[in-house]
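K.L.:
Input protein-v5.cif, format and content: mmCIF, C-alpha atoms.
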data_protein
loop_
_atom_site.label_atom_id
_atom_site.label_comp_id
_atom_site.auth_asym_id
_atom_site.auth_seq_id
_atom_site.Cartn_x
_atom_site.Cartn_y
_atom_site.Cartn_z
CA MET A 184 164.39 -112.14 123.94
CA ALA A 185 165.18 -115.44 125.67
CA ALA A 186 164.39 -115.73 129.37
CA MET A 187 167.33 -115.29 131.71
CA ASN A 188 167.91 -117.86 134.42
CA PHE A 189 169.81 -116.25 137.26
CA ASP A 190 171.29 -118.26 140.09
CA LEU A 191 170.54 -116.43 143.35
CA LEU A 192 174.03 -117.24 144.64
CA VAL A 193 175.54 -115.56 141.57
CA LEU A 194 173.37 -112.48 142.05
CA ARG A 195 174.47 -112.28 145.69
CA ALA A 196 178.07 -112.54 144.55
CA PHE A 197 177.59 -109.71 142.07
CA VAL A 198 175.92 -107.48 144.69
CA CYS A 199 178.76 -108.19 147.13
CA LEU A 200 181.43 -107.50 144.51
CA ALA A 201 179.68 -104.28 143.47
CA GLY A 202 179.91 -103.14 147.08
CA GLU A 203 183.54 -104.08 147.59
CA LEU A 204 184.86 -103.41 144.06
CA ASN A 205 187.64 -105.80 144.97
CA PHE A 206 187.62 -109.49 144.01
CA ALA A 207 189.77 -110.66 146.93
CA ARG A 208 187.66 -108.90 149.60
CA ALA A 209 184.39 -109.98 148.01
CA ALA A 210 185.59 -113.59 147.74
CA THR A 211 186.52 -113.55 151.43
CA ARG A 212 183.09 -112.23 152.39
CA LEU A 213 181.40 -114.84 150.22
CA HIS A 214 183.64 -117.68 151.47
CA VAL A 215 184.65 -118.66 147.93
CA SER A 216 187.95 -118.52 146.08
CA ALA A 217 188.78 -115.51 143.93
CA PRO A 218 188.99 -117.67 140.75
CA ARG A 219 185.54 -119.11 141.45
CA LEU A 220 184.12 -115.61 141.98
CA THR A 221 185.67 -114.55 138.67
CA ARG A 222 184.00 -117.47 136.89
CA MET A 223 180.65 -116.64 138.51
CA ILE A 224 180.80 -113.05 137.31
CA GLN A 225 181.92 -114.06 133.84
CA GLY A 226 179.01 -116.49 133.62
CA LEU A 227 176.60 -113.79 134.75
CA GLU A 228 177.90 -111.38 132.12
CA ALA A 229 177.50 -114.07 129.48
CA GLU A 230 173.91 -114.66 130.61
CA VAL A 231 173.10 -110.95 130.60
CA GLY A 232 174.92 -110.41 127.34
CA THR A 233 176.88 -107.34 128.39
CA GLN A 234 179.90 -106.35 130.48
CA LEU A 235 178.86 -105.46 134.01
CA LEU A 236 182.30 -104.71 135.44
CA ALA A 237 185.30 -102.94 133.97
CA ARG A 238 188.39 -104.48 135.53
CA ASN A 239 192.13 -104.48 135.16
CA THR A 240 195.05 -105.34 137.41
CA HIS A 241 194.58 -102.20 139.48
CA ARG A 242 190.86 -101.51 139.85
CA VAL A 243 187.31 -102.78 139.43
CA ALA A 244 184.43 -100.49 138.49
CA LEU A 245 180.81 -100.89 137.48
CA THR A 246 180.00 -100.18 133.87
CA GLU A 247 176.92 -98.12 133.09
CA GLN A 248 175.05 -101.34 132.35
CA GLY A 249 176.43 -102.86 135.54
CA ALA A 250 175.11 -100.00 137.67
CA GLU A 251 171.68 -100.42 136.08
CA PHE A 252 171.74 -104.19 136.57
CA LEU A 253 172.84 -103.75 140.21
CA ARG A 254 169.57 -102.02 141.10
CA SER A 255 167.59 -105.01 139.86
CA ALA A 256 169.96 -107.54 141.41
CA ARG A 257 169.63 -105.90 144.81
CA ARG A 258 165.82 -106.00 144.54
CA ILE A 259 165.85 -109.71 143.64
CA VAL A 260 168.19 -110.61 146.49
CA ALA A 261 166.14 -108.55 148.93
CA GLU A 262 162.93 -110.25 147.82
CA ALA A 263 164.49 -113.67 148.34
CA ASP A 264 165.68 -112.67 151.81
CA TRP A 265 162.25 -111.34 152.72
CA VAL A 266 160.57 -114.59 151.68
CA GLY A 267 162.82 -116.45 154.09
CA ARG A 268 162.21 -113.95 156.85
CA ARG A 269 158.45 -114.07 156.30
CA LEU A 270 158.49 -117.87 156.64
CA ASN A 271 160.68 -117.54 159.71
CA LEU A 272 158.19 -115.15 161.30
CA ARG A 273 155.31 -117.51 160.53
CA THR A 274 157.02 -120.60 161.91
CA GLU A 275 158.89 -119.17 164.88
CA GLU A 276 156.86 -116.03 165.62
CA GLY A 277 160.14 -114.23 165.94
CA GLY A 278 162.92 -112.70 163.88
CA THR A 279 164.98 -109.54 163.76
CA PHE A 280 163.83 -106.09 162.68
CA THR A 281 166.71 -103.77 161.80
CA VAL A 282 166.27 -100.00 162.02
CA GLY A 283 168.82 -97.71 160.40
CA CYS A 284 169.06 -94.07 161.37
CA VAL A 285 171.14 -90.95 160.98
CA SER A 286 172.76 -89.75 164.18
CA GLY A 287 170.31 -86.95 164.94
CA ALA A 288 167.42 -89.41 165.13
CA LEU A 289 168.99 -91.07 168.16
CA TYR A 290 168.24 -87.95 170.20
CA ASP A 291 164.64 -87.60 169.03
CA ALA A 292 161.77 -89.93 169.98
CA LEU A 293 163.19 -92.94 168.10
CA PRO A 294 164.67 -94.77 171.13
CA ALA A 295 161.32 -94.46 172.94
CA ARG A 296 159.49 -95.88 169.90
CA VAL A 297 161.87 -98.83 169.74
CA ARG A 298 161.24 -99.51 173.45
CA ALA A 299 157.49 -99.38 172.81
CA ALA A 300 157.86 -101.78 169.88
CA ARG A 301 159.79 -104.24 172.03
CA LEU A 302 156.88 -104.28 174.50
CA GLU A 303 154.27 -104.53 171.74
CA LEU A 304 156.14 -107.29 169.85
CA PRO A 305 158.12 -109.25 172.46
CA ASN A 306 159.01 -112.09 170.04
CA LEU A 307 160.66 -109.76 167.56
CA GLN A 308 164.23 -108.63 168.17
CA PHE A 309 164.99 -105.00 167.32
CA ARG A 310 168.39 -103.83 166.16
CA LEU A 311 169.19 -100.11 165.87
CA VAL A 312 172.10 -99.13 163.60
CA GLU A 313 173.50 -95.63 163.01
CA MET A 314 174.64 -94.97 159.45
CA THR A 315 175.19 -92.20 156.96
CA GLU A 316 172.37 -90.56 155.04
CA THR A 317 173.91 -91.78 151.79
CA ALA A 318 173.93 -95.44 152.82
CA LEU A 319 170.59 -95.48 154.60
CA ALA A 320 168.12 -95.21 151.69
CA GLN A 321 170.06 -97.74 149.61
CA GLN A 322 170.16 -100.25 152.46
CA VAL A 323 166.41 -99.91 152.98
CA LEU A 324 165.91 -100.51 149.26
CA ASP A 325 168.18 -103.54 149.10
CA GLY A 326 166.79 -105.07 152.29
CA THR A 327 169.87 -104.74 154.50
CA VAL A 328 167.75 -102.75 156.96
CA ASP A 329 163.97 -102.94 157.36
CA MET A 330 163.34 -99.24 157.78
CA GLY A 331 165.24 -96.00 158.19
CA PHE A 332 164.97 -92.61 159.82
CA THR A 333 166.60 -89.80 157.87
CA TYR A 334 166.19 -86.15 156.90
CA PHE A 335 164.63 -85.22 153.54
CA PRO A 336 164.99 -88.60 151.77
CA MET A 337 165.06 -88.80 148.00
CA PRO A 338 161.58 -89.84 146.72
CA ASP A 339 161.45 -93.41 145.42
CA ASP A 340 158.48 -95.39 144.12
CA GLU A 341 159.63 -98.42 146.11
CA LEU A 342 159.51 -96.58 149.44
CA ALA A 343 156.76 -95.57 151.81
CA SER A 344 157.58 -92.56 153.96
CA ARG A 345 156.16 -90.53 156.81
CA VAL A 346 157.45 -87.37 158.46
CA VAL A 347 157.68 -88.24 162.15
CA SER A 348 158.97 -85.00 163.66
CA ARG A 349 159.54 -81.38 162.74
CA ASN A 350 162.01 -79.30 164.74
CA ALA A 351 162.71 -75.58 164.77
CA GLN A 352 166.24 -74.32 164.14
CA TRP A 353 168.45 -73.02 166.94
CA VAL A 354 171.96 -71.60 166.96
CA ALA A 355 174.67 -72.76 169.35
CA MET A 356 177.70 -70.63 170.21
CA GLU A 357 180.30 -70.21 172.92
CA LYS A 358 179.01 -68.16 175.84
CA GLN A 359 181.54 -65.39 175.17
CA HIS A 360 180.39 -64.87 171.58
CA PRO A 361 179.03 -61.34 170.85
CA LEU A 362 175.70 -62.82 169.74
CA ALA A 363 175.26 -64.63 173.05
CA VAL A 364 173.56 -61.55 174.51
CA ARG A 365 170.69 -62.02 172.05
CA ALA A 366 167.64 -64.04 173.11
CA THR A 367 166.60 -64.61 169.49
CA LEU A 368 168.57 -64.42 166.26
CA ALA A 369 167.58 -63.50 162.72
CA LEU A 370 169.17 -64.93 159.60
CA GLY A 371 170.91 -61.61 158.91
CA ASP A 372 172.67 -61.81 162.28
CA LEU A 373 174.72 -64.75 160.98
CA ALA A 374 176.32 -62.87 158.08
CA GLY A 375 180.09 -63.07 158.19
CA GLU A 376 180.11 -65.91 160.72
CA VAL A 377 181.63 -69.38 160.37
CA LEU A 378 178.79 -71.92 160.37
CA ILE A 379 179.26 -75.55 161.36
CA LEU A 380 176.98 -77.78 159.27
CA PRO A 381 176.36 -81.53 158.79
CA ASP A 382 179.17 -83.13 156.84
CA GLU A 383 178.55 -82.87 153.10
CA SER A 384 179.85 -86.36 152.33
CA ARG A 385 177.87 -88.15 155.07
CA SER A 386 174.66 -86.10 154.82
CA PRO A 387 174.61 -84.40 151.42
CA ARG A 388 170.86 -83.70 151.27
CA LEU A 389 170.74 -82.26 154.78
CA HIS A 390 173.87 -80.21 154.13
CA ARG A 391 172.37 -78.78 150.92
CA TRP A 392 169.10 -78.05 152.74
CA TYR A 393 170.92 -75.94 155.32
CA ARG A 394 172.95 -74.16 152.67
CA ALA A 395 169.78 -73.37 150.69
CA PHE A 396 167.97 -71.57 153.49
CA LEU A 397 171.02 -69.99 155.12
CA ASP A 398 172.26 -68.55 151.83
CA PRO A 399 169.19 -68.48 149.53
CA LYS A 400 170.72 -66.01 147.06
CA GLY A 401 174.03 -67.82 146.84
CA ARG A 402 176.03 -64.80 147.95
CA ARG A 403 178.33 -66.91 150.14
CA ASP A 404 177.96 -64.61 153.12
CA PHE A 405 179.17 -67.41 155.39
CA ALA A 406 182.15 -69.68 155.75
CA TYR A 407 181.29 -73.34 156.32
CA VAL A 408 182.85 -76.08 158.43
CA ASN A 409 181.75 -79.71 158.08
CA ALA A 410 181.14 -81.85 161.18
CA ASN A 411 180.38 -85.54 160.88
CA GLN A 412 178.57 -85.76 164.24
CA ILE A 413 176.41 -83.30 166.18
CA SER A 414 178.63 -83.88 169.23
CA VAL A 415 181.62 -82.80 167.14
CA ALA A 416 179.76 -79.73 165.87
CA LEU A 417 178.84 -78.61 169.38
CA GLY A 418 182.38 -79.27 170.58
CA LEU A 419 183.69 -76.99 167.83
CA CYS A 420 181.21 -74.34 168.94
CA ALA A 421 182.43 -74.56 172.53
CA ALA A 422 185.99 -74.15 171.26
CA GLY A 423 185.03 -70.94 169.45
CA GLU A 424 185.41 -72.42 165.95
CA GLY A 425 182.03 -71.16 164.74
CA LEU A 426 178.26 -71.21 165.19
CA CYS A 427 176.18 -74.36 164.77
CA VAL A 428 172.67 -74.23 163.31
CA PHE A 429 170.83 -77.38 164.36
CA PRO A 430 167.39 -78.85 165.23
CA GLU A 431 165.97 -77.77 168.57
CA HIS A 432 165.79 -81.25 170.13
CA LEU A 433 169.59 -81.57 170.06
CA ARG A 434 170.06 -78.81 172.66
CA ARG A 435 170.03 -81.45 175.39
CA LEU A 436 173.39 -82.80 174.25
CA ARG A 437 175.55 -79.97 175.57
CA ALA A 438 174.27 -77.12 177.69
CA ASP A 439 177.01 -76.50 180.24
CA ASP A 440 179.35 -74.34 178.12
CA LEU A 441 177.19 -73.14 175.22
CA HIS A 442 174.60 -70.44 174.63
CA PHE A 443 171.55 -71.38 172.55
CA ALA A 444 169.20 -69.02 170.73
CA PRO A 445 166.27 -69.78 168.39
CA LEU A 446 166.68 -68.75 164.75
CA ALA A 447 163.58 -66.77 163.80
CA ARG A 448 161.66 -67.57 160.61
CA ALA A 449 163.84 -70.56 159.75
CA PRO A 450 162.26 -73.69 158.23
CA ARG A 451 161.85 -76.80 160.32
CA THR A 452 163.96 -79.92 159.96
CA GLU A 453 161.84 -82.93 158.99
CA LEU A 454 162.85 -86.37 160.23
CA THR A 455 161.26 -88.98 157.98
CA ALA A 456 160.66 -92.71 158.42
CA ILE A 457 161.15 -94.78 155.26
CA TRP A 458 160.45 -98.45 154.47
CA ARG A 459 159.65 -100.55 151.43
CA HIS A 460 156.00 -100.76 150.39
CA ASP A 461 156.29 -104.50 149.92
CA SER A 462 158.27 -105.30 153.06
CA PRO A 463 156.86 -108.36 154.86
CA LEU A 464 157.42 -106.38 158.08
CA ARG A 465 155.81 -103.14 156.94
CA GLN A 466 153.28 -103.33 159.78
CA VAL A 467 156.17 -103.08 162.24
CA ALA A 468 157.56 -100.10 160.31
CA GLN A 469 154.17 -98.41 160.41
CA PHE A 470 154.01 -98.95 164.18
CA LEU A 471 157.45 -97.41 164.69
CA ALA A 472 156.50 -94.43 162.50
CA ARG A 473 153.50 -93.50 164.68
CA TRP A 474 155.13 -90.83 166.84
#
As structure tokens, please, write out the structure in this file.
P.N.:
Amino acid sequence: MAAMNFDLLVLRAFVCLAGELNFARAATRLHVSAPRLTRMIQGLEAEVGTQLLARNTHRVALTEQGAEFLRSARRIVAEADWVGRRLNLRTEEGGTFTVGCVSGALYDALPARVRAARLELPNLQFRLVEMTETALAQQVLDGTVDMGFTYFPMPDDELASRVVSRNAQWVAMEKQHPLAVRATLALGDLAGEVLILPDESRSPRLHRWYRAFLDPKGRRDFAYVNANQISVALGLCAAGEGLCVFPEHLRRLRADDLHFAPLARAPRTELTAIWRHDSPLRQVAQFLARW
């Protein structure tokens, strides 16, 4: 097979278009005209020898080959970005380190670790970004963020990981709820209740983890309500919309109008730090992951 000669600009254009799935929006982001972007993608497909995008007047979608090629394209673009950042760090002794996290991590020890890193590495700027579980791992892989903090990440050979905290499960409820007289709750006490869980679209792995231990036999003893933020979940509890099962460290968010009780014999939530093995800034990631 003949060697392929990819222009990095074209690969960036393909990655951008794969994210937008809209030629006009992608062209605007790339600061090129839509016809030029079309020619770039057509040239790339000719070089690869297969159709990467299925497109008509109404929609753009990745083909199966396009989705496979996207994974490699993202890696190549990320590597090129990291080379530039590594040189920047060597010449200026500075740079930016971006940390992505799911919302629950903001109430754990992460902010304190970022403060410690700023003191330890005063020439490096730290940026903390909240994002969904679904986006986080992919953005660590493609180099958009340098490391992430998430619950139960999908294993990947490209990623290093370390569990940084384990938290017991508690149950929040309005103070007038019949179970509020109990100091400790068992799993059976929740049968027939409405349970407020992490949103399935934003945090699918965490949502499935809760469903698995709350209803291990799949009997559907509970009704479920999705909440896209822990503050929303606790607000729903206070309004009497259901019970919220959540990690212990989040109790500090709302204590004035809720009753909290530990859930006996429940597994612990594991917050995990993830970063690429070959990141030029992996030493910084390792420092942040030492809780």
K.L.:
Go through A:Leu204, A:Ala395, A:Leu368, A:Ala256 and flag the residue nearest Trp353 in chain A, using all atoms listed in the file for the distances.
P.N.:
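Nearest to Trp353 in chain A: A:Leu368.
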K.L.:
So that I can check the surroundings of Ala472 in chain A, please list as a list in words every protein, DNA and RNA residue that reaches within 12 Å of it, counting all atoms listed in the file and ignoring chain neighbours fewer than 3 positions away.
P.N.:
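Non-adjacent residues within range: Val282, Ala292, Leu293, Pro294, Ala295, Arg296, Val297, Ala299, Ala300, Met330, Gly331, Phe332, Ala343, Ser344, Arg345, Val346, Val347, Ser348, Leu454, Thr455, Ala456, Ile457, Trp458, Arg465, Gln466, Val467, Ala468 and Gln469 of chain A.
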K.L.:
Which residues, written as a ChimeraX atom specification, have at least one atom at most 6 Å from Leu342 in chain A, with only C-alpha atoms counted and residues fewer than 2 positions away on the same chain left out?
P.N.:
/A:339-340,458-460
K.L.:
At a cut-off of 9 Å, using all atoms listed in the file, what residues contact range 423-433 of chain A? Leave out same-chain residues fewer than 4 positions from it and give the result as a PyMOL selection string.
P.N.:
chain A and resi 287+290-291+349-357+359-360+373+376-381+393+407-408+413+416-419+437+445-446+451-452
K.L.:
Any chance you can output those residues with C-alpha atoms as a compact mmCIF listing (two decimals), in the frame of the given file?
P.N.:
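Dumped everything to part13.txt:
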# COMPACT_ATOMS: atom_id res chain seq x y z
CA GLY A 287 170.31 -86.95 164.94
CA TYR A 290 168.24 -87.95 170.20
CA ASP A 291 164.64 -87.60 169.03
CA ARG A 349 159.54 -81.38 162.74
CA ASN A 350 162.01 -79.30 164.74
CA ALA A 351 162.71 -75.58 164.77
CA GLN A 352 166.24 -74.32 164.14
CA TRP A 353 168.45 -73.02 166.94
CA VAL A 354 171.96 -71.60 166.96
CA ALA A 355 174.67 -72.76 169.35
CA MET A 356 177.70 -70.63 170.21
CA GLU A 357 180.30 -70.21 172.92
CA GLN A 359 181.54 -65.39 175.17
CA HIS A 360 180.39 -64.87 171.58
CA LEU A 373 174.72 -64.75 160.98
CA GLU A 376 180.11 -65.91 160.72
CA VAL A 377 181.63 -69.38 160.37
CA LEU A 378 178.79 -71.92 160.37
CA ILE A 379 179.26 -75.55 161.36
CA LEU A 380 176.98 -77.78 159.27
CA PRO A 381 176.36 -81.53 158.79
CA TYR A 393 170.92 -75.94 155.32
CA TYR A 407 181.29 -73.34 156.32
CA VAL A 408 182.85 -76.08 158.43
CA ILE A 413 176.41 -83.30 166.18
CA ALA A 416 179.76 -79.73 165.87
CA LEU A 417 178.84 -78.61 169.38
CA GLY A 418 182.38 -79.27 170.58
CA LEU A 419 183.69 -76.99 167.83
CA ARG A 437 175.55 -79.97 175.57
CA PRO A 445 166.27 -69.78 168.39
CA LEU A 446 166.68 -68.75 164.75
CA ARG A 451 161.85 -76.80 160.32
CA THR A 452 163.96 -79.92 159.96
K.L.:
Residue by residue, what does the PyMOL selection byres ((chain A and resi 212) around 12) grab here? Present the result as a PyMOL selection string.
P.N.:
chain A and resi 195-200+202-203+205-211+213-217+220
K.L.:
As AutoDock Vina command-line options, what would the box around range 205-209 of chain A look like: edges along x, y and z, 8 Å added on every side, centre and edge lengths in Å to one decimal?
P.N.:
--center_x 187.1 --center_y -108.2 --center_z 146.8 --size_x 21.4 --size_y 20.9 --size_z 21.6
K.L.:
Report the distance between CA of Gln322 in chain A and CA of Leu302 in chain A in Å, rounded to one decimal place.
P.N.:
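Distance between the two atoms: 26.0 Å.
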K.L.:
How would you write, as number ranges by chain, the residues chosen by the PyMOL selection byres ((chain A and resi 224) around 9) on this structure?
P.N.:
A: 193-194, 196-197, 219-223, 225-229, 235-236
K.L.:
Residues of the last selection are to be written out with C-alpha atoms, as a compact mmCIF listing (two decimals), in the frame of the given file.
P.N.:
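Full text of part21.txt as output:
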# COMPACT_ATOMS: atom_id res chain seq x y z
CA VAL A 193 175.54 -115.56 141.57
CA LEU A 194 173.37 -112.48 142.05
CA ALA A 196 178.07 -112.54 144.55
CA PHE A 197 177.59 -109.71 142.07
CA ARG A 219 185.54 -119.11 141.45
CA LEU A 220 184.12 -115.61 141.98
CA THR A 221 185.67 -114.55 138.67
CA ARG A 222 184.00 -117.47 136.89
CA MET A 223 180.65 -116.64 138.51
CA GLN A 225 181.92 -114.06 133.84
CA GLY A 226 179.01 -116.49 133.62
CA LEU A 227 176.60 -113.79 134.75
CA GLU A 228 177.90 -111.38 132.12
CA ALA A 229 177.50 -114.07 129.48
CA LEU A 235 178.86 -105.46 134.01
CA LEU A 236 182.30 -104.71 135.44
K.L.:
For Arg258 in chain A, list every protein, DNA or RNA residue within 9 Å, evaluated using all atoms listed in the file, and leave out those in the same chain fewer than 3 positions away; present the list as a ChimeraX atom specification.
P.N.:
/A:253-255,261-263,324-326
K.L.:
The selected residues should be written to file as a compact mmCIF listing (two decimals), keeping the file's coordinate frame (atoms: C-alpha atoms).
P.N.:
# COMPACT_ATOMS: atom_id res chain seq x y z
CA LEU A 253 172.84 -103.75 140.21
CA ARG A 254 169.57 -102.02 141.10
CA SER A 255 167.59 -105.01 139.86
CA ALA A 261 166.14 -108.55 148.93
CA GLU A 262 162.93 -110.25 147.82
CA ALA A 263 164.49 -113.67 148.34
CA LEU A 324 165.91 -100.51 149.26
CA ASP A 325 168.18 -103.54 149.10
CA GLY A 326 166.79 -105.07 152.29
K.L.:
Translate the PyMOL selection byres ((chain A and resi 383) around 12) into a concrete residue list for this structure, as a CSV table (one decimal) with C-alpha atoms, in the frame of the given file.
P.N.:
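Here's the written file expr.csv:
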chain,number,residue,atom,x,y,z
A,315,THR,CA,175.2,-92.2,157.0
A,316,GLU,CA,172.4,-90.6,155.0
A,317,THR,CA,173.9,-91.8,151.8
A,379,ILE,CA,179.3,-75.6,161.4
A,380,LEU,CA,177.0,-77.8,159.3
A,381,PRO,CA,176.4,-81.5,158.8
A,382,ASP,CA,179.2,-83.1,156.8
A,384,SER,CA,179.8,-86.4,152.3
A,385,ARG,CA,177.9,-88.2,155.1
A,386,SER,CA,174.7,-86.1,154.8
A,387,PRO,CA,174.6,-84.4,151.4
A,388,ARG,CA,170.9,-83.7,151.3
A,389,LEU,CA,170.7,-82.3,154.8
A,390,HIS,CA,173.9,-80.2,154.1
A,391,ARG,CA,172.4,-78.8,150.9
A,392,TRP,CA,169.1,-78.0,152.7
A,393,TYR,CA,170.9,-75.9,155.3
A,394,ARG,CA,173.0,-74.2,152.7
A,407,TYR,CA,181.3,-73.3,156.3
A,408,VAL,CA,182.8,-76.1,158.4
A,409,ASN,CA,181.8,-79.7,158.1
A,410,ALA,CA,181.1,-81.8,161.2
A,411,ASN,CA,180.4,-85.5,160.9
A,412,GLN,CA,178.6,-85.8,164.2
K.L.:
Would you mind reading off the distance between CA of Glu313 in chain A and CA of Leu289 in chain A, one decimal, in Å?
P.N.:
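Separation of CA of Glu313 in chain A and CA of Leu289 in chain A: 8.2 Å.
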